[in-house]
$ cat work19.pdb   # PDB, C-alpha atoms
ATOM      1  CA  MET Z 931       7.052   6.959   1.399
ATOM      2  CA  LEU Z 932       3.515   6.841   0.091
ATOM      3  CA  GLY Z 933       1.232   9.578   1.320
ATOM      4  CA  CYS Z 934      -2.027   8.412   2.891
ATOM      5  CA  MET Z 935      -4.097  10.327   0.349
ATOM      6  CA  ASN Z 936      -2.334   8.597  -2.540
ATOM      7  CA  VAL Z 937      -2.572   5.137  -0.967
ATOM      8  CA  ARG Z 938      -6.345   5.569  -0.713
ATOM      9  CA  ALA Z 939      -6.716   6.974  -4.231
ATOM     10  CA  GLY Z 940      -6.806   3.531  -5.815
ATOM     11  CA  ARG Z 941      -9.845   2.673  -3.704
ATOM     12  CA  LEU Z 942     -11.868   5.751  -4.583
ATOM     13  CA  PRO Z 943     -14.890   5.627  -6.920
ATOM     14  CA  LEU Z 944     -13.784   5.920 -10.544
ATOM     15  CA  ASP Z 945     -14.965   9.509 -11.037
ATOM     16  CA  GLU Z 946     -13.015  10.626  -7.957
ATOM     17  CA  GLN Z 947      -9.964   8.683  -9.131
ATOM     18  CA  ALA Z 948     -10.160  10.538 -12.449
ATOM     19  CA  ARG Z 949     -10.283  13.899 -10.685
ATOM     20  CA  HIS Z 950      -7.307  12.974  -8.534
ATOM     21  CA  PHE Z 951      -5.456  11.691 -11.614
ATOM     22  CA  ARG Z 952      -5.966  15.028 -13.381
ATOM     23  CA  ARG Z 953      -4.700  16.953 -10.359
ATOM     24  CA  LEU Z 954      -1.511  14.889 -10.228
ATOM     25  CA  LEU Z 955      -0.849  15.308 -13.941
ATOM     26  CA  TYR Z 956      -0.887  19.076 -13.528
ATOM     27  CA  ARG Z 957       2.131  18.720 -11.241
ATOM     28  CA  ASN Z 958       4.194  17.923 -14.356
ATOM     29  CA  ARG Z 959       4.902  21.265 -16.040
ATOM     30  CA  THR Z 960       6.296  19.725 -19.218
ATOM     31  CA  LEU Z 961       3.205  17.556 -19.578
ATOM     32  CA  VAL Z 962       0.980  20.619 -19.234
ATOM     33  CA  MET Z 963       2.921  22.405 -21.969
ATOM     34  CA  VAL Z 964       2.737  19.364 -24.248
ATOM     35  CA  LEU Z 965      -1.023  19.141 -23.774
ATOM     36  CA  GLY Z 966      -1.529  22.769 -24.703
ATOM     37  CA  ARG Z 967       0.638  22.575 -27.799
ATOM     38  CA  ALA Z 968      -0.894  19.245 -28.839
ATOM     39  CA  ALA Z 969      -4.382  20.712 -28.628
ATOM     40  CA  ALA Z 970      -3.274  23.557 -30.894
ATOM     41  CA  MET Z 971      -2.177  21.038 -33.552
ATOM     42  CA  GLU Z 972      -5.780  19.742 -33.757
ATOM     43  CA  LEU Z 973      -4.770  16.236 -34.779
ATOM     44  CA  PRO Z 974      -7.663  13.798 -35.297
ATOM     45  CA  GLY Z 975      -8.362  11.498 -32.359
ATOM     46  CA  TRP Z 976      -5.297  12.655 -30.448
ATOM     47  CA  TYR Z 977      -4.283  11.649 -26.926
ATOM     48  CA  LEU Z 978      -1.167  12.077 -24.876
ATOM     49  CA  VAL Z 979      -0.586   8.470 -23.840
ATOM     50  CA  ALA Z 980       1.199   5.976 -21.663
ATOM     51  CA  GLY Z 981       4.499   6.602 -19.885
ATOM     52  CA  CYS Z 982       4.397  10.329 -19.262
ATOM     53  CA  LEU Z 983       1.011   9.877 -17.573
ATOM     54  CA  TYR Z 984       1.415   6.912 -15.243
ATOM     55  CA  GLN Z 985       5.045   7.791 -14.526
ATOM     56  CA  THR Z 986       4.009  11.280 -13.428
ATOM     57  CA  VAL Z 987       1.648   9.660 -10.929
ATOM     58  CA  TRP Z 988       4.314   7.203  -9.775
ATOM     59  CA  ASN Z 989       6.684  10.111  -9.199
ATOM     60  CA  VAL Z 990       4.232  12.153  -7.157
ATOM     61  CA  VAL Z 991       3.061   9.140  -5.143
ATOM     62  CA  THR Z 992       6.641   8.165  -4.266
ATOM     63  CA  GLY Z 993       7.782  11.680  -3.424
ATOM     64  CA  ARG Z 994       9.894  12.297  -6.509
ATOM     65  CA  SER Z 995       9.872  15.278  -8.835
ATOM     66  CA  ALA Z 996       6.857  14.910 -11.135
ATOM     67  CA  GLU Z 997       9.084  14.751 -14.243
ATOM     68  CA  ALA Z 998      11.775  12.395 -12.920
ATOM     69  CA  GLY Z 999      12.737   9.523 -15.215
ATOM     70  CA  ILE Z1000      10.280  10.438 -17.982
ATOM     71  CA  LEU Z1001      12.288  10.010 -21.180
ATOM     72  CA  ASP Z1002       9.737  11.334 -23.656
ATOM     73  CA  TYR Z1003       6.096  12.231 -24.198
ATOM     74  CA  ASP Z1004       4.018  10.088 -26.560
ATOM     75  CA  LEU Z1005       1.386  11.773 -28.690
ATOM     76  CA  ALA Z1006      -0.943   9.392 -30.526
ATOM     77  CA  TYR Z1007      -3.471  10.344 -33.177
ATOM     78  CA  PHE Z1008      -5.622   8.519 -35.721
ATOM     79  CA  ASP Z1009      -5.815   9.390 -39.398
ATOM     80  CA  GLY Z1010      -6.890   6.556 -41.679
ATOM     81  CA  SER Z1011      -7.206   8.756 -44.756
ATOM     82  CA  ASP Z1012      -3.535   8.365 -45.720
ATOM     83  CA  LEU Z1013      -1.448   5.466 -44.397
ATOM     84  CA  SER Z1014       1.766   6.530 -46.100
ATOM     85  CA  TRP Z1015       4.926   7.241 -44.143
ATOM     86  CA  GLU Z1016       5.116  10.595 -45.931
ATOM     87  CA  ALA Z1017       1.805  11.727 -44.424
ATOM     88  CA  GLU Z1018       2.849  10.726 -40.920
ATOM     89  CA  ASP Z1019       6.261  12.302 -41.371
ATOM     90  CA  THR Z1020       4.605  15.587 -42.318
ATOM     91  CA  VAL Z1021       2.820  15.551 -38.952
ATOM     92  CA  ILE Z1022       6.004  14.593 -37.117
ATOM     93  CA  ARG Z1023       7.872  17.479 -38.726
ATOM     94  CA  ALA Z1024       5.096  19.873 -37.741
ATOM     95  CA  GLY Z1025       5.376  18.527 -34.211
ATOM     96  CA  ASN Z1026       9.118  19.138 -34.166
ATOM     97  CA  GLY Z1027       8.336  22.801 -34.534
ATOM     98  CA  ALA Z1028       5.341  22.842 -32.215
ATOM     99  CA  PHE Z1029       7.228  21.147 -29.360
ATOM    100  CA  ALA Z1030      10.595  22.832 -29.817
ATOM    101  CA  GLY Z1031      12.312  23.977 -26.641
ATOM    102  CA  LEU Z1032      10.732  21.461 -24.252
ATOM    103  CA  PRO Z1033      12.913  19.543 -21.763
ATOM    104  CA  ALA Z1034      12.035  16.164 -23.337
ATOM    105  CA  PRO Z1035      11.147  15.039 -26.876
ATOM    106  CA  VAL Z1036       7.581  14.398 -28.022
ATOM    107  CA  GLN Z1037       7.107  11.239 -30.089
ATOM    108  CA  ILE Z1038       4.173  11.456 -32.524
ATOM    109  CA  ARG Z1039       2.628   8.348 -34.107
ATOM    110  CA  ASN Z1040      -0.431   7.723 -36.270
ATOM    111  CA  GLN Z1041      -2.231   4.758 -34.720
ATOM    112  CA  ALA Z1042      -3.934   4.008 -38.051
ATOM    113  CA  ARG Z1043      -0.505   2.967 -39.381
ATOM    114  CA  VAL Z1044       0.650   0.676 -36.570
ATOM    115  CA  HIS Z1045      -0.266  -2.512 -38.440
ATOM    116  CA  VAL Z1046       1.898  -1.386 -41.380
ATOM    117  CA  TRP Z1047       5.191  -1.592 -39.455
ATOM    118  CA  TYR Z1048       4.433  -3.578 -36.299
ATOM    119  CA  GLU Z1049       5.294  -7.075 -37.568
ATOM    120  CA  ARG Z1050       8.539  -5.870 -39.122
ATOM    121  CA  LYS Z1051       9.621  -4.385 -35.808
ATOM    122  CA  PHE Z1052       8.213  -6.881 -33.286
ATOM    123  CA  GLY Z1053       7.958 -10.107 -35.267
ATOM    124  CA  ARG Z1054       4.209 -10.608 -34.945
ATOM    125  CA  PRO Z1055       1.243  -9.175 -36.830
ATOM    126  CA  CYS Z1056      -0.976  -6.397 -35.494
ATOM    127  CA  PRO Z1057      -4.572  -6.151 -36.688
ATOM    128  CA  PRO Z1058      -5.450  -2.663 -37.963
ATOM    129  CA  HIS Z1059      -6.745  -0.361 -35.239
ATOM    130  CA  ASP Z1060      -9.951   1.570 -35.860
ATOM    131  CA  SER Z1061      -9.247   4.387 -33.368
ATOM    132  CA  THR Z1062      -6.639   5.715 -30.996
ATOM    133  CA  GLU Z1063      -8.685   4.251 -28.148
ATOM    134  CA  ALA Z1064      -8.466   0.793 -29.728
ATOM    135  CA  ALA Z1065      -4.691   1.138 -29.955
ATOM    136  CA  ILE Z1066      -4.412   2.152 -26.303
ATOM    137  CA  THR Z1067      -6.178  -1.045 -25.204
ATOM    138  CA  THR Z1068      -3.316  -3.126 -26.698
ATOM    139  CA  TYR Z1069      -0.422  -1.567 -24.772
ATOM    140  CA  GLU Z1070       1.878  -4.098 -23.094
ATOM    141  CA  ALA Z1071       0.599  -3.400 -19.564
ATOM    142  CA  THR Z1072      -2.930  -2.492 -18.518
ATOM    143  CA  THR Z1073      -1.265   0.098 -16.299
ATOM    144  CA  ALA Z1074       0.131   1.736 -19.447
ATOM    145  CA  ALA Z1075      -3.218   1.795 -21.243
ATOM    146  CA  VAL Z1076      -4.214   5.362 -20.510
ATOM    147  CA  GLY Z1077      -4.596   8.555 -22.512
ATOM    148  CA  VAL Z1078      -5.583  12.156 -21.869
ATOM    149  CA  ARG Z1079      -6.736  14.921 -24.169
ATOM    150  CA  LEU Z1080      -7.164  18.638 -23.469
ATOM    151  CA  LEU Z1081     -10.710  19.727 -24.277
ATOM    152  CA  PRO Z1082     -11.953  23.243 -25.028
ATOM    153  CA  GLY Z1083     -12.271  25.099 -21.757
ATOM    154  CA  GLY Z1084      -9.243  23.386 -20.243
ATOM    155  CA  ARG Z1085     -10.785  20.138 -19.010
ATOM    156  CA  LEU Z1086      -8.869  16.891 -19.434
ATOM    157  CA  ARG Z1087     -10.615  13.900 -20.980
ATOM    158  CA  VAL Z1088      -9.253  10.674 -19.490
ATOM    159  CA  TYR Z1089      -9.412   7.372 -21.365
ATOM    160  CA  ALA Z1090      -8.454   4.424 -19.138
ATOM    161  CA  PRO Z1091     -10.082   1.179 -20.345
ATOM    162  CA  TYR Z1092      -8.576  -0.862 -17.492
ATOM    163  CA  GLY Z1093      -9.118   1.753 -14.806
ATOM    164  CA  LEU Z1094      -6.714   3.847 -12.745
ATOM    165  CA  SER Z1095      -6.402   1.885  -9.494
ATOM    166  CA  ASP Z1096      -3.218   0.059 -10.486
ATOM    167  CA  ILE Z1097      -1.510   3.329 -11.380
ATOM    168  CA  PHE Z1098      -2.192   4.795  -7.944
ATOM    169  CA  ASP Z1099      -1.309   1.492  -6.240
ATOM    170  CA  LEU Z1100       2.015   1.157  -8.137
ATOM    171  CA  VAL Z1101       0.957  -2.169  -9.654
ATOM    172  CA  VAL Z1102       2.060  -3.139 -13.173
ATOM    173  CA  ARG Z1103      -0.259  -5.714 -14.728
ATOM    174  CA  PRO Z1104       0.525  -7.429 -18.060
ATOM    175  CA  ASN Z1105      -1.797  -7.080 -21.025
ATOM    176  CA  PRO Z1106      -1.185 -10.022 -23.409
ATOM    177  CA  VAL Z1107      -3.556  -8.757 -26.104
ATOM    178  CA  LEU Z1108      -0.772  -7.891 -28.553
ATOM    179  CA  ALA Z1109       2.617  -7.322 -26.926
ATOM    180  CA  SER Z1110       5.100 -10.115 -26.224
ATOM    181  CA  ARG Z1111       6.371 -11.400 -22.905
ATOM    182  CA  GLU Z1112       9.884 -10.285 -23.909
ATOM    183  CA  ALA Z1113       8.768  -6.701 -24.535
ATOM    184  CA  TYR Z1114       6.828  -6.603 -21.248
ATOM    185  CA  GLU Z1115       9.722  -7.954 -19.196
ATOM    186  CA  ALA Z1116      12.275  -5.648 -20.807
ATOM    187  CA  LYS Z1117      10.164  -2.587 -20.185
ATOM    188  CA  THR Z1118       9.221  -3.500 -16.615
ATOM    189  CA  ALA Z1119      12.877  -4.195 -15.771
ATOM    190  CA  ARG Z1120      13.690  -0.606 -16.742
ATOM    191  CA  TRP Z1121      10.737   0.700 -14.735
ATOM    192  CA  LEU Z1122      11.875  -1.206 -11.639
ATOM    193  CA  ARG Z1123      15.314   0.372 -11.847
ATOM    194  CA  GLN Z1124      13.712   3.822 -11.785
ATOM    195  CA  TRP Z1125      10.776   3.033  -9.465
ATOM    196  CA  PRO Z1126      11.743   0.086  -7.202
ATOM    197  CA  GLU Z1127       8.519   0.598  -5.224
ATOM    198  CA  LEU Z1128       6.535  -0.978  -8.074
ATOM    199  CA  THR Z1129       4.871  -4.374  -7.852
ATOM    200  CA  VAL Z1130       5.323  -5.983 -11.274
ATOM    201  CA  LEU Z1131       2.985  -8.906 -11.892
ATOM    202  CA  PRO Z1132       4.382 -11.761 -14.006
ATOM    203  CA  TRP Z1133       3.405 -12.428 -17.592
ATOM    204  CA  PRO Z1134       0.660 -15.079 -17.598
ATOM    205  CA  ALA Z1135       1.589 -18.618 -18.538
ATOM    206  CA  GLY Z1136      -0.894 -20.852 -20.297
ATOM    207  CA  PRO Z1137      -2.483 -21.652 -23.632
ATOM    208  CA  LEU Z1138      -2.526 -18.032 -24.869
ATOM    209  CA  GLU Z1139       1.187 -17.567 -24.288
ATOM    210  CA  GLU Z1140       2.033 -20.956 -25.819
ATOM    211  CA  GLU Z1141      -0.088 -20.184 -28.862
ATOM    212  CA  ARG Z1142       1.614 -16.835 -29.453
ATOM    213  CA  SER Z1143       5.207 -17.923 -28.751
TER     214      SER Z1143
END
$ encode --input "work19.pdb" --output "structure tokens"
Amino acid sequence: MLGCMNVRAGRLPLDEQARHFRRLLYRNRTLVMVLGRAAAMELPGWYLVAGCLYQTVWNVVTGRSAEAGILDYDLAYFDGSDLSWEAEDTVIRAGNGAFAGLPAPVQIRNQARVHVWYERKFGRPCPPHDSTEAAITTYEATTAAVGVRLLPGGRLRVYAPYGLSDIFDLVVRPNPVLASREAYEAKTARWLRQWPELTVLPWPAGPLEEERS
């Protein structure tokens, strides 16, 4: 059952939503450890992004353990100075050591390199991103487009270009900027199996979808 406080959270002013969002994230002990270790790596433009964030909120709002169903923790950074796989792999290997011993793996990706491999993997081109924030805005659901970074002094910076209301309200809204309908529907089907309380909005039909299909 949804608690009254959480039901109302999606209707709060944005600054209050952000404060509430931060409080809920701190319920996830693994997430807190990942944030601390990520900050120590000092990667350029880094954010902990997507699933581990909104899924933590979904868990707390629906009365589950804060870490339930979270398969991994995604750490995004932006380094356009070297787009080689070798440079990214060096960071990934450093992360393997930094995040050793955690209950779930941490996936590290350089957002400056996404356009290098995206078409090969997903069958459609991706324009080069110019920042981690730009990459976040292209995630397959607006609900997934969120990142947090630990600042000096312990404060969390929240980047949520489409807001936080849908996360609190358990609404999944498609974001057809880059991702495909197939990817959106596959991912949301998995989410619904884990969190059947979600309201998943359908992929939009129309000229944009026809043009990209």
$ closest_residue --input "work19.pdb" --among "Z:Leu1080, Z:Val979, Z:Cys1056, Z:Ala1090" --to "Ala1006 of chain Z" --atoms "all atoms listed in the file"
Z:Val979
$ closest_residue --input "work19.pdb" --among "Z:Ala1034, Z:Cys982, Z:Ala1116, Z:Leu965" --to "Ala1075 of chain Z" --atoms "all atoms listed in the file"
Z:Cys982
$ atom_distance --input "work19.pdb" --atom1 "atom CA of Glu1018 of chain Z" --atom2 "atom CA of Asn1105 of chain Z"
27.1 Å
$ atom_distance --input "work19.pdb" --atom1 "atom CA of Gly1053 of chain Z" --atom2 "atom CA of Lys1117 of chain Z"
17.0 Å
$ atom_distance --input "work19.pdb" --atom1 "atom CA of Val1078 of chain Z" --atom2 "atom CA of Arg1039 of chain Z"
15.2 Å
$ resolve_selection --input "work19.pdb" --expression "the PyMOL selection byres ((chain Z and resi 1069-1073) around 12)" --output "PyMOL selection string"
chain Z and resi 979-981+983-985+987-988+1041+1056+1062-1068+1074-1077+1090-1118+1121+1128-1134
$ closest_residue --input "work19.pdb" --among "Z:Thr986, Z:Ala996, Z:Val1036, Z:Val1046" --to "Asp1012 of chain Z" --atoms "only C-alpha atoms"
Z:Val1046
$ residues_around --input "work19.pdb" --residues "Ala970 of chain Z" --least-positions-apart "4" --cutoff "12 Å" --atoms "only C-alpha atoms" --output "ChimeraX atom specification"
/Z:963-966,974,976,1024-1025,1028-1029,1079-1082
